[in-house]
Amino acid sequence: MRALLSAMIREEWRLHATLFDYRLFVLFPVLLAVMAAGSTLFLPVLRGNMPGSHLALLGHYTFLLFGLSVGAFGLLGRDMLTRRFGQAQVLAAVARILPLTDRRILAAFFVKDLLFYMLLWIGPALLGFGLTAPLMGVAGRQVELLALTLPLSFLAGLAVAFALSTLYAHSPRALLVVLAALGAAVGLDMLSLNAEAIRLLPPYQLFRCPGLTPLVATLGITLVCLAVSLAFPRVDYAGPTPRHPNTFRLLARWLPAGVHAPHVAKDLLDLKRSQGGMGKIVFALLLPTAVIWLLFHVLEEFIPGLDFLVVFALFVGLIASSIYNWLTELDSVASYAFLPVSVGGVIRGKVYSYALLNLVPVAVILAAALASGRMASLVPALLVYAGVSSYTVAVTVYLTGLFPTVLLYNVQVFGLYTLLISPLLLLFLFLSALNIWYLAGALLLLPLAHYVLHHAYHRWNHWEPPA
Amino acid sequence: MPPVIQARHLVKKFGTTTAVDDLSLAVHPGEIFGLLGPNGSGKTTTIKMLTGQTVPTEGTATVAGLDVRVHPLRVREQVGIIPEQEMPPSFLTADEYLHFVGAIRGLSHMERRCSLWYDLLDFGDQKDMLCKDLSRGTRQKVMFAQAFLHEPRVAFVDEPLINLDPIVQRTVKNYLQDFVARGGTVFFCTHVLEIAQALCTQIGIIYRGRLVYQGDREDITRRHAHLEDLFLDMVHREHHASSA
C-alpha cells in the first residue's frame, strides 16, 4: 500500500511537471498562502459588518464546500482508473493487473488526493491566515482552533460527498431518498425561521464550544462516511455488457450546434455513460449551490444591501465553470490528434457543450427565485449569471485549454485566473449593492468572453503536446 | 511519378532530446513503405510530423502535395491514420464512433460505409457495444475502419496488426495490398520484420532518430536472405559507430 501510494504521488508530481515547469507547481502553495494572508487583511472591514461567529461559520462552510466539490470519488470508480489521465495511462490502471484489490487502489488514490489537497490548498491557506490573523486582532487561541476545525470541515465535506457519490454509484434512487430526507429536514428547520440546523455543523460546533462531544461528532461523521465509501466501492458494472442503439447519430442531427454538433453529442454521451452519469452534475453543481443557498439564508441579515438571489446567481456562475472541467476529464486530446480537427476545434465543441449544460444552473436559479419568492430579481440574476458564467469559462479555456484540473496548479495560471476573475466579482457585488439593475452591465462580459475565447482557440491551436 | 510523401531534412527536438535527426525520404504512389526501428527510435514521431500532428523543428515535408507545416488539417483530411497507442473513445459504441469520425470528415452514406467494414473485419455483431467493453483486437478493427472510412489515397499505419488474430491479419494484409494496387500509398511502421518483408515494397531503417538505410525489397532480398539480418546488421553497426 505504501509503495503504491508513494508511486501515485510521484506520478501526480510528474503529471504536472510534464505539462509545465515544476517550479511553477512548487510555487502554487506559496501564492495561495500569500493570497490568504492578503485576504485576511480585510478581516477588520468584514468584522465591522458581521459578528465574528458568523464569519467563522462562513469560513467553515467555505472549507466544507471545497471538500464537497472535490469529494465525489465514489462516482469515478473504474472510469477514474482508466480515464482520469487519458489513455497514456498509468499506475491507477496498471495497478489493476497487480495483485491488488480495487478497494485498495481506490483507498491509495483517495489518500494521495487528500494529501495533495492538504499540502497544496488547505495547509497554505491556513498558514497565510494564521500568520496575518493575530495582527488583525484575532486571538491566538481562535487561530489555533481554526487551524484544527477548518481542515476538519474540509475533511467532513470530502467524506460526505464521497459517501453520497458511492451511494449514487450503487443506487441513484437511494441517493434521491437521502437527499430528499435531508432537504425536508433543512426545509422544516428554515420554515421555523431560526435556521438552526446550519449551525449544527460539527466542526463549527467544535470551534464554538471545544469539547469531546463535537470532536467525536466531527470525527465520527467523517470516519463513518469514509469507511462506508471505501468498504463498498462500485468499480465494475454489474450484469452483461450493455448494448446501445446509435444515439449519437440522432443527437448530432438535432442538436443546435452547427458544425460542432458531433462534438457536443459525443460530450453528452460521455457524460451520461461514464460512471456516475448525470450525477456528476449533481455533485459538481447542485450540492455546492444548495450549501451556498443555505449559507446565504443565514447570513442574509448581515448583508442587507445585497440582493440574496443576485449574489447567489453570481456564485453559481462561478461554480458552473466546473462543468467544463468534467467535460475535459472525460476526454483525451490524443484521441483527436489523427483526425482533421484542431485542438481549438475540440475546445470549441466543449464550449458549446458547456453552453448547453448551462440550462441546469439556469434552472437552479429559476427554482431559487420561485422558492424564495424573489421573481422581481430574476432578470438581473440571470443577466449576471450569463455574464459571469461565460466570462469565467472563457478565462478558464484561455489559461488551461483542455487541462483545467492540471494547469490550475501552475502558479502563473492560478495567479492570472484570480486576477482576471476576482476583481470582476467584487465589482458586481458592489454594483448589486447600489442597484441590482446595474448588473445589466454583466452583459458586457458576453462580448468580452467571445473575444477571450477567440484568442483561446488560436492559442491552443499552436500548443504542442509533450513528447 | 512525383512522390506522394516527401520529407527533406526533418528534425524534431523535444527540449535537449533529438527524436528525429535529418530524416529525408520519398514514397511514391503504389508503394508500401515500411519504417522499421527499435523502440524509441523515432518512428512514431516521424509519422506525427508527416501527418501534421507535431511541427518539425527543422526541415520540410509534403504529403499528397500539401506542406504539412502550412496545411496540417488538410493533410489529415486527405490521409488515413492508425496511431500506435490511441484507442477509440470509451463511451461511444463502435458504430457511434465511426459515425463521429464520419461527421468530422463530412462523409455521407455512413450506413453503407460502416457496413463494408463490419463485413470485411467481421465485427458487426459488436457494433452496439461501448468501445471500452470491446476486446483490444476489436478496438483495433474499429481504428482500422476509421482510418479508411473516407477512402483516402494515403494511409499512415503504426503497428496496425497488433492485437489482431491471424485470420484478420491476413484480411488486413490483403486489403493493404489491394489498396496500393489501386494506386494508394501506405506508410507502415512495425516491429514485426516478417510482416514488413512480406508486405513492404520499400524499407527504411531508423535508429536513434536517423534514417540509416533505405532500399527496396528486391535489393534487400538480393543482398540478405532475411530482412532481420539486414536490420540487426544496420542497428549493430550504428550502435558501435555511435559508441566509438
# chains A, B, ... in the order shown; residues from 1 in each chain; ligands from 1
>>> select_by_dssp(residues="region 320-396 of chain A", states="helix (DSSP H, G or I)", output="PyMOL selection string")
chain A and resi 320+322-329+333-336+343-357+359-372+375-396
>>> interface_residues(of="chain B", to="chain A", cutoff="9 Å", atoms="only C-alpha atoms", output="PyMOL selection string")
chain B and resi 14+45+48+51-55+72-78+80-83+85-93+95-97+99-101+103-105+126-130+133+147
>>> atom_distance(atom1="CA of Val388 (chain A)", atom2="CA of Asn325 (chain A)")
16.4 Å
>>> closest_residue(among="A:Pro288, A:Gly220, A:Pro404, A:Gly387", to="Trp326 (chain A)", atoms="only C-alpha atoms")
A:Pro404
>>> residues_around(residues="region 190-201 of chain B", least_positions_apart="4", cutoff="7 Å", atoms="only C-alpha atoms", output="number ranges by chain")
B: 31-37, 158-159, 216-217, 227-228
>>> atom_distance(atom1="CA of Val63 (chain B)", atom2="CA of Ser24 (chain B)")
13.2 Å
>>> atom_distance(atom1="CA of Tyr118 (chain B)", atom2="CA of Ile47 (chain B)")
27.0 Å
>>> residues_around(residues="Pro124 (chain A)", least_positions_apart="5", cutoff="12 Å", atoms="only C-alpha atoms", output="list in words")
Val26, Leu27, Phe28, Pro29, Val30, Leu31, Leu32, Ala33, Val34, Met35, Ala36, Ala37, Phe116, Tyr117, Met118, Leu119, Phe129, Gly130, Leu131, Ala147 and Pro151 of chain A
>>> write_last_selection(atoms="N, CA and C atoms", output="PDB file, in the first residue's frame")
ATOM      1  N   VAL A  26       5.604  24.166  -7.718  1.00  0.00           N
ATOM      2  CA  VAL A  26       6.071  24.289  -6.333  1.00  0.00           C
ATOM      3  C   VAL A  26       5.625  25.634  -5.741  1.00  0.00           C
ATOM      4  N   LEU A  27       5.593  26.652  -6.571  1.00  0.00           N
ATOM      5  CA  LEU A  27       5.239  27.984  -6.074  1.00  0.00           C
ATOM      6  C   LEU A  27       3.734  28.163  -5.835  1.00  0.00           C
ATOM      7  N   PHE A  28       2.939  27.205  -6.337  1.00  0.00           N
ATOM      8  CA  PHE A  28       1.484  27.339  -6.202  1.00  0.00           C
ATOM      9  C   PHE A  28       1.041  27.522  -4.743  1.00  0.00           C
ATOM     10  N   PRO A  29       1.464  26.647  -3.808  1.00  0.00           N
ATOM     11  CA  PRO A  29       1.030  26.846  -2.412  1.00  0.00           C
ATOM     12  C   PRO A  29       1.563  28.151  -1.817  1.00  0.00           C
ATOM     13  N   VAL A  30       2.725  28.601  -2.296  1.00  0.00           N
ATOM     14  CA  VAL A  30       3.277  29.868  -1.785  1.00  0.00           C
ATOM     15  C   VAL A  30       2.323  31.020  -2.155  1.00  0.00           C
ATOM     16  N   LEU A  31       1.896  31.004  -3.431  1.00  0.00           N
ATOM     17  CA  LEU A  31       0.977  32.054  -3.881  1.00  0.00           C
ATOM     18  C   LEU A  31      -0.323  32.002  -3.081  1.00  0.00           C
ATOM     19  N   LEU A  32      -0.805  30.793  -2.848  1.00  0.00           N
ATOM     20  CA  LEU A  32      -2.066  30.632  -2.115  1.00  0.00           C
ATOM     21  C   LEU A  32      -1.922  31.186  -0.695  1.00  0.00           C
ATOM     22  N   ALA A  33      -0.778  30.915  -0.056  1.00  0.00           N
ATOM     23  CA  ALA A  33      -0.543  31.423   1.300  1.00  0.00           C
ATOM     24  C   ALA A  33      -0.516  32.957   1.289  1.00  0.00           C
ATOM     25  N   VAL A  34       0.134  33.515   0.274  1.00  0.00           N
ATOM     26  CA  VAL A  34       0.205  34.981   0.168  1.00  0.00           C
ATOM     27  C   VAL A  34      -1.197  35.555  -0.025  1.00  0.00           C
ATOM     28  N   MET A  35      -1.994  34.893  -0.880  1.00  0.00           N
ATOM     29  CA  MET A  35      -3.351  35.382  -1.133  1.00  0.00           C
ATOM     30  C   MET A  35      -4.214  35.284   0.127  1.00  0.00           C
ATOM     31  N   ALA A  36      -4.042  34.185   0.862  1.00  0.00           N
ATOM     32  CA  ALA A  36      -4.822  34.020   2.100  1.00  0.00           C
ATOM     33  C   ALA A  36      -4.421  35.097   3.104  1.00  0.00           C
ATOM     34  N   ALA A  37      -3.113  35.358   3.184  1.00  0.00           N
ATOM     35  CA  ALA A  37      -2.636  36.393   4.105  1.00  0.00           C
ATOM     36  C   ALA A  37      -3.195  37.756   3.688  1.00  0.00           C
ATOM     37  N   PHE A 116      -2.632  15.636  -1.376  1.00  0.00           N
ATOM     38  CA  PHE A 116      -2.450  16.644  -2.421  1.00  0.00           C
ATOM     39  C   PHE A 116      -3.217  17.925  -2.053  1.00  0.00           C
ATOM     40  N   TYR A 117      -4.490  17.777  -1.703  1.00  0.00           N
ATOM     41  CA  TYR A 117      -5.301  18.955  -1.366  1.00  0.00           C
ATOM     42  C   TYR A 117      -4.836  19.597  -0.063  1.00  0.00           C
ATOM     43  N   MET A 118      -4.442  18.776   0.903  1.00  0.00           N
ATOM     44  CA  MET A 118      -3.982  19.317   2.181  1.00  0.00           C
ATOM     45  C   MET A 118      -2.704  20.144   1.991  1.00  0.00           C
ATOM     46  N   LEU A 119      -1.771  19.605   1.211  1.00  0.00           N
ATOM     47  CA  LEU A 119      -0.486  20.288   1.044  1.00  0.00           C
ATOM     48  C   LEU A 119      -0.583  21.498   0.117  1.00  0.00           C
ATOM     49  N   PHE A 129      -3.439  32.620   6.602  1.00  0.00           N
ATOM     50  CA  PHE A 129      -4.397  33.180   7.560  1.00  0.00           C
ATOM     51  C   PHE A 129      -3.753  33.272   8.946  1.00  0.00           C
ATOM     52  N   GLY A 130      -3.090  32.187   9.340  1.00  0.00           N
ATOM     53  CA  GLY A 130      -2.516  32.109  10.682  1.00  0.00           C
ATOM     54  C   GLY A 130      -1.440  33.159  10.931  1.00  0.00           C
ATOM     55  N   LEU A 131      -0.688  33.493   9.890  1.00  0.00           N
ATOM     56  CA  LEU A 131       0.385  34.478  10.053  1.00  0.00           C
ATOM     57  C   LEU A 131      -0.162  35.900  10.182  1.00  0.00           C
ATOM     58  N   ALA A 147      -7.219  26.379  12.947  1.00  0.00           N
ATOM     59  CA  ALA A 147      -6.257  25.524  12.240  1.00  0.00           C
ATOM     60  C   ALA A 147      -6.642  24.052  12.376  1.00  0.00           C
ATOM     61  N   PRO A 151      -9.687  22.475   8.626  1.00  0.00           N
ATOM     62  CA  PRO A 151      -9.378  21.254   7.874  1.00  0.00           C
ATOM     63  C   PRO A 151     -10.368  20.126   8.168  1.00  0.00           C
TER      64      PRO A 151
END
>>> residues_around(residues="Val142 (chain B)", least_positions_apart="3", cutoff="8 Å", atoms="only C-alpha atoms", output="PyMOL selection string")
chain B and resi 88+94+98+138-139+145-146
>>> select_by_dssp(residues="region 28-225 of chain B", states="strand (DSSP E or B)", output="ChimeraX atom specification")
/B:32-36,58-63,66-67,79-82,93,129-130,154-158,185-190,202-207,210-216
>>> residues_around(residues="Val4 (chain B)", least_positions_apart="2", cutoff="10 Å", atoms="only C-alpha atoms", output="PyMOL selection string")
chain B and resi 1-2+6+26-31+62-66+153-154+184-185
>>> write_last_selection(atoms="N, CA and C atoms", output="compact mmCIF listing (two decimals), in the first residue's frame")
# COMPACT_ATOMS: atom_id res chain seq x y z
N MET B 1 6.74 9.50 -61.81
CA MET B 1 5.63 9.97 -60.98
C MET B 1 6.18 10.63 -59.71
N PRO B 2 5.70 11.83 -59.36
CA PRO B 2 6.24 12.51 -58.17
C PRO B 2 5.88 11.75 -56.90
N GLN B 6 6.97 13.13 -49.17
CA GLN B 6 8.36 13.54 -49.32
C GLN B 6 8.81 14.31 -48.08
N ALA B 26 11.41 9.57 -49.64
CA ALA B 26 10.38 9.80 -50.65
C ALA B 26 9.62 8.50 -50.87
N VAL B 27 8.31 8.60 -50.87
CA VAL B 27 7.47 7.41 -51.11
C VAL B 27 6.56 7.71 -52.29
N HIS B 28 6.51 6.80 -53.26
CA HIS B 28 5.74 7.03 -54.48
C HIS B 28 4.39 6.31 -54.43
N PRO B 29 3.45 6.76 -55.25
CA PRO B 29 2.14 6.09 -55.27
C PRO B 29 2.29 4.61 -55.59
N GLY B 30 1.48 3.80 -54.94
CA GLY B 30 1.53 2.37 -55.19
C GLY B 30 2.56 1.64 -54.35
N GLU B 31 3.22 2.35 -53.45
CA GLU B 31 4.24 1.70 -52.61
C GLU B 31 3.73 1.51 -51.18
N THR B 62 6.09 17.20 -47.51
CA THR B 62 4.81 17.32 -48.21
C THR B 62 4.16 15.95 -48.27
N VAL B 63 2.84 15.96 -48.13
CA VAL B 63 2.05 14.73 -48.27
C VAL B 63 0.88 15.05 -49.18
N ALA B 64 0.71 14.25 -50.22
CA ALA B 64 -0.34 14.48 -51.22
C ALA B 64 -0.26 15.91 -51.76
N GLY B 65 0.94 16.41 -51.90
CA GLY B 65 1.15 17.75 -52.46
C GLY B 65 0.96 18.88 -51.46
N LEU B 66 0.65 18.55 -50.21
CA LEU B 66 0.40 19.60 -49.21
C LEU B 66 1.57 19.70 -48.24
N ARG B 153 -6.23 8.29 -50.16
CA ARG B 153 -5.24 7.81 -51.14
C ARG B 153 -3.94 7.45 -50.44
N VAL B 154 -3.76 7.98 -49.24
CA VAL B 154 -2.53 7.73 -48.49
C VAL B 154 -2.91 7.31 -47.07
N GLY B 184 -3.13 3.48 -54.18
CA GLY B 184 -2.94 4.05 -52.85
C GLY B 184 -1.49 3.92 -52.40
N THR B 185 -1.16 4.60 -51.31
CA THR B 185 0.19 4.56 -50.75
C THR B 185 0.09 4.32 -49.26
>>> residues_around(residues="Arg210 (chain B)", least_positions_apart="3", cutoff="12 Å", atoms="only C-alpha atoms", output="JSON, numbers by chain")
{"B": [9, 10, 11, 12, 18, 19, 20, 21, 22, 23, 24, 25, 35, 36, 37, 38, 40, 41, 42, 43, 45, 46, 204, 205, 206, 207, 213, 214, 234, 235, 238, 239, 242]}
>>> decode(residues="region 145-159 of chain A", atoms="all heavy atoms", output="PDB file, in the first residue's frame")
ATOM      1  N   LEU A 145      -7.518  27.110  17.087  1.00  0.00           N
ATOM      2  CA  LEU A 145      -8.728  26.282  16.936  1.00  0.00           C
ATOM      3  C   LEU A 145      -9.132  26.165  15.467  1.00  0.00           C
ATOM      4  O   LEU A 145      -9.477  25.081  14.986  1.00  0.00           O
ATOM      5  CB  LEU A 145      -9.878  26.923  17.715  1.00  0.00           C
ATOM      6  CG  LEU A 145     -10.202  26.317  19.083  1.00  0.00           C
ATOM      7  CD1 LEU A 145     -11.294  27.128  19.755  1.00  0.00           C
ATOM      8  CD2 LEU A 145     -10.633  24.861  18.948  1.00  0.00           C
ATOM      9  N   LEU A 146      -9.069  27.309  14.770  1.00  0.00           N
ATOM     10  CA  LEU A 146      -9.445  27.285  13.349  1.00  0.00           C
ATOM     11  C   LEU A 146      -8.501  26.392  12.545  1.00  0.00           C
ATOM     12  O   LEU A 146      -8.924  25.732  11.586  1.00  0.00           O
ATOM     13  CB  LEU A 146      -9.437  28.705  12.770  1.00  0.00           C
ATOM     14  CG  LEU A 146     -10.608  29.589  13.199  1.00  0.00           C
ATOM     15  CD1 LEU A 146     -10.389  31.034  12.778  1.00  0.00           C
ATOM     16  CD2 LEU A 146     -11.925  29.073  12.604  1.00  0.00           C
ATOM     17  N   ALA A 147      -7.219  26.379  12.947  1.00  0.00           N
ATOM     18  CA  ALA A 147      -6.257  25.524  12.240  1.00  0.00           C
ATOM     19  C   ALA A 147      -6.642  24.052  12.376  1.00  0.00           C
ATOM     20  O   ALA A 147      -6.247  23.217  11.557  1.00  0.00           O
ATOM     21  CB  ALA A 147      -4.854  25.748  12.790  1.00  0.00           C
ATOM     22  N   LEU A 148      -7.433  23.737  13.392  1.00  0.00           N
ATOM     23  CA  LEU A 148      -7.908  22.363  13.560  1.00  0.00           C
ATOM     24  C   LEU A 148      -9.275  22.168  12.906  1.00  0.00           C
ATOM     25  O   LEU A 148      -9.501  21.198  12.167  1.00  0.00           O
ATOM     26  CB  LEU A 148      -8.004  22.030  15.060  1.00  0.00           C
ATOM     27  CG  LEU A 148      -8.676  20.694  15.391  1.00  0.00           C
ATOM     28  CD1 LEU A 148      -7.754  19.532  15.006  1.00  0.00           C
ATOM     29  CD2 LEU A 148      -9.013  20.608  16.871  1.00  0.00           C
ATOM     30  N   THR A 149     -10.197  23.113  13.163  1.00  0.00           N
ATOM     31  CA  THR A 149     -11.586  22.868  12.752  1.00  0.00           C
ATOM     32  C   THR A 149     -11.835  23.124  11.265  1.00  0.00           C
ATOM     33  O   THR A 149     -12.698  22.487  10.675  1.00  0.00           O
ATOM     34  CB  THR A 149     -12.552  23.729  13.598  1.00  0.00           C
ATOM     35  OG1 THR A 149     -12.214  25.101  13.440  1.00  0.00           O
ATOM     36  CG2 THR A 149     -12.478  23.345  15.067  1.00  0.00           C
ATOM     37  N   LEU A 150     -11.085  24.045  10.659  1.00  0.00           N
ATOM     38  CA  LEU A 150     -11.305  24.287   9.224  1.00  0.00           C
ATOM     39  C   LEU A 150     -10.891  23.070   8.381  1.00  0.00           C
ATOM     40  O   LEU A 150     -11.662  22.638   7.517  1.00  0.00           O
ATOM     41  CB  LEU A 150     -10.580  25.557   8.767  1.00  0.00           C
ATOM     42  CG  LEU A 150     -11.178  26.879   9.278  1.00  0.00           C
ATOM     43  CD1 LEU A 150     -10.338  28.069   8.830  1.00  0.00           C
ATOM     44  CD2 LEU A 150     -12.613  27.061   8.817  1.00  0.00           C
ATOM     45  N   PRO A 151      -9.687  22.475   8.626  1.00  0.00           N
ATOM     46  CA  PRO A 151      -9.378  21.254   7.874  1.00  0.00           C
ATOM     47  C   PRO A 151     -10.368  20.126   8.168  1.00  0.00           C
ATOM     48  O   PRO A 151     -10.702  19.348   7.272  1.00  0.00           O
ATOM     49  CB  PRO A 151      -7.975  20.866   8.372  1.00  0.00           C
ATOM     50  CG  PRO A 151      -7.405  22.098   8.935  1.00  0.00           C
ATOM     51  CD  PRO A 151      -8.545  22.913   9.447  1.00  0.00           C
ATOM     52  N   LEU A 152     -10.880  20.083   9.418  1.00  0.00           N
ATOM     53  CA  LEU A 152     -11.872  19.049   9.727  1.00  0.00           C
ATOM     54  C   LEU A 152     -13.156  19.285   8.938  1.00  0.00           C
ATOM     55  O   LEU A 152     -13.826  18.343   8.514  1.00  0.00           O
ATOM     56  CB  LEU A 152     -12.176  19.034  11.233  1.00  0.00           C
ATOM     57  CG  LEU A 152     -11.106  18.385  12.117  1.00  0.00           C
ATOM     58  CD1 LEU A 152     -11.464  18.515  13.590  1.00  0.00           C
ATOM     59  CD2 LEU A 152     -10.920  16.908  11.758  1.00  0.00           C
ATOM     60  N   SER A 153     -13.474  20.554   8.730  1.00  0.00           N
ATOM     61  CA  SER A 153     -14.649  20.893   7.936  1.00  0.00           C
ATOM     62  C   SER A 153     -14.458  20.424   6.491  1.00  0.00           C
ATOM     63  O   SER A 153     -15.362  19.852   5.878  1.00  0.00           O
ATOM     64  CB  SER A 153     -14.844  22.411   7.976  1.00  0.00           C
ATOM     65  OG  SER A 153     -16.161  22.743   7.727  1.00  0.00           O
ATOM     66  N   PHE A 154     -13.253  20.662   5.965  1.00  0.00           N
ATOM     67  CA  PHE A 154     -12.926  20.204   4.605  1.00  0.00           C
ATOM     68  C   PHE A 154     -13.049  18.677   4.526  1.00  0.00           C
ATOM     69  O   PHE A 154     -13.666  18.125   3.606  1.00  0.00           O
ATOM     70  CB  PHE A 154     -11.504  20.647   4.237  1.00  0.00           C
ATOM     71  CG  PHE A 154     -10.945  19.975   3.010  1.00  0.00           C
ATOM     72  CD1 PHE A 154     -11.374  20.341   1.750  1.00  0.00           C
ATOM     73  CD2 PHE A 154      -9.997  18.960   3.124  1.00  0.00           C
ATOM     74  CE1 PHE A 154     -10.864  19.711   0.614  1.00  0.00           C
ATOM     75  CE2 PHE A 154      -9.487  18.333   1.994  1.00  0.00           C
ATOM     76  CZ  PHE A 154      -9.922  18.711   0.737  1.00  0.00           C
ATOM     77  N   LEU A 155     -12.466  18.018   5.523  1.00  0.00           N
ATOM     78  CA  LEU A 155     -12.500  16.551   5.549  1.00  0.00           C
ATOM     79  C   LEU A 155     -13.930  16.030   5.618  1.00  0.00           C
ATOM     80  O   LEU A 155     -14.278  15.051   4.949  1.00  0.00           O
ATOM     81  CB  LEU A 155     -11.733  16.046   6.775  1.00  0.00           C
ATOM     82  CG  LEU A 155     -10.379  15.434   6.537  1.00  0.00           C
ATOM     83  CD1 LEU A 155      -9.743  15.006   7.844  1.00  0.00           C
ATOM     84  CD2 LEU A 155     -10.505  14.221   5.608  1.00  0.00           C
ATOM     85  N   ALA A 156     -14.755  16.687   6.434  1.00  0.00           N
ATOM     86  CA  ALA A 156     -16.145  16.251   6.568  1.00  0.00           C
ATOM     87  C   ALA A 156     -16.863  16.381   5.226  1.00  0.00           C
ATOM     88  O   ALA A 156     -17.586  15.469   4.808  1.00  0.00           O
ATOM     89  CB  ALA A 156     -16.844  17.083   7.634  1.00  0.00           C
ATOM     90  N   GLY A 157     -16.644  17.519   4.530  1.00  0.00           N
ATOM     91  CA  GLY A 157     -17.270  17.712   3.221  1.00  0.00           C
ATOM     92  C   GLY A 157     -16.817  16.645   2.236  1.00  0.00           C
ATOM     93  O   GLY A 157     -17.615  16.063   1.499  1.00  0.00           O
ATOM     94  N   LEU A 158     -15.511  16.388   2.258  1.00  0.00           N
ATOM     95  CA  LEU A 158     -14.930  15.376   1.365  1.00  0.00           C
ATOM     96  C   LEU A 158     -15.552  13.998   1.637  1.00  0.00           C
ATOM     97  O   LEU A 158     -15.968  13.290   0.709  1.00  0.00           O
ATOM     98  CB  LEU A 158     -13.428  15.327   1.637  1.00  0.00           C
ATOM     99  CG  LEU A 158     -12.545  14.577   0.666  1.00  0.00           C
ATOM    100  CD1 LEU A 158     -12.268  15.455  -0.534  1.00  0.00           C
ATOM    101  CD2 LEU A 158     -11.219  14.231   1.326  1.00  0.00           C
ATOM    102  N   ALA A 159     -15.654  13.660   2.924  1.00  0.00           N
ATOM    103  CA  ALA A 159     -16.159  12.339   3.297  1.00  0.00           C
ATOM    104  C   ALA A 159     -17.643  12.209   2.965  1.00  0.00           C
ATOM    105  O   ALA A 159     -18.082  11.172   2.445  1.00  0.00           O
ATOM    106  CB  ALA A 159     -15.929  12.108   4.792  1.00  0.00           C
TER     107      ALA A 159
END
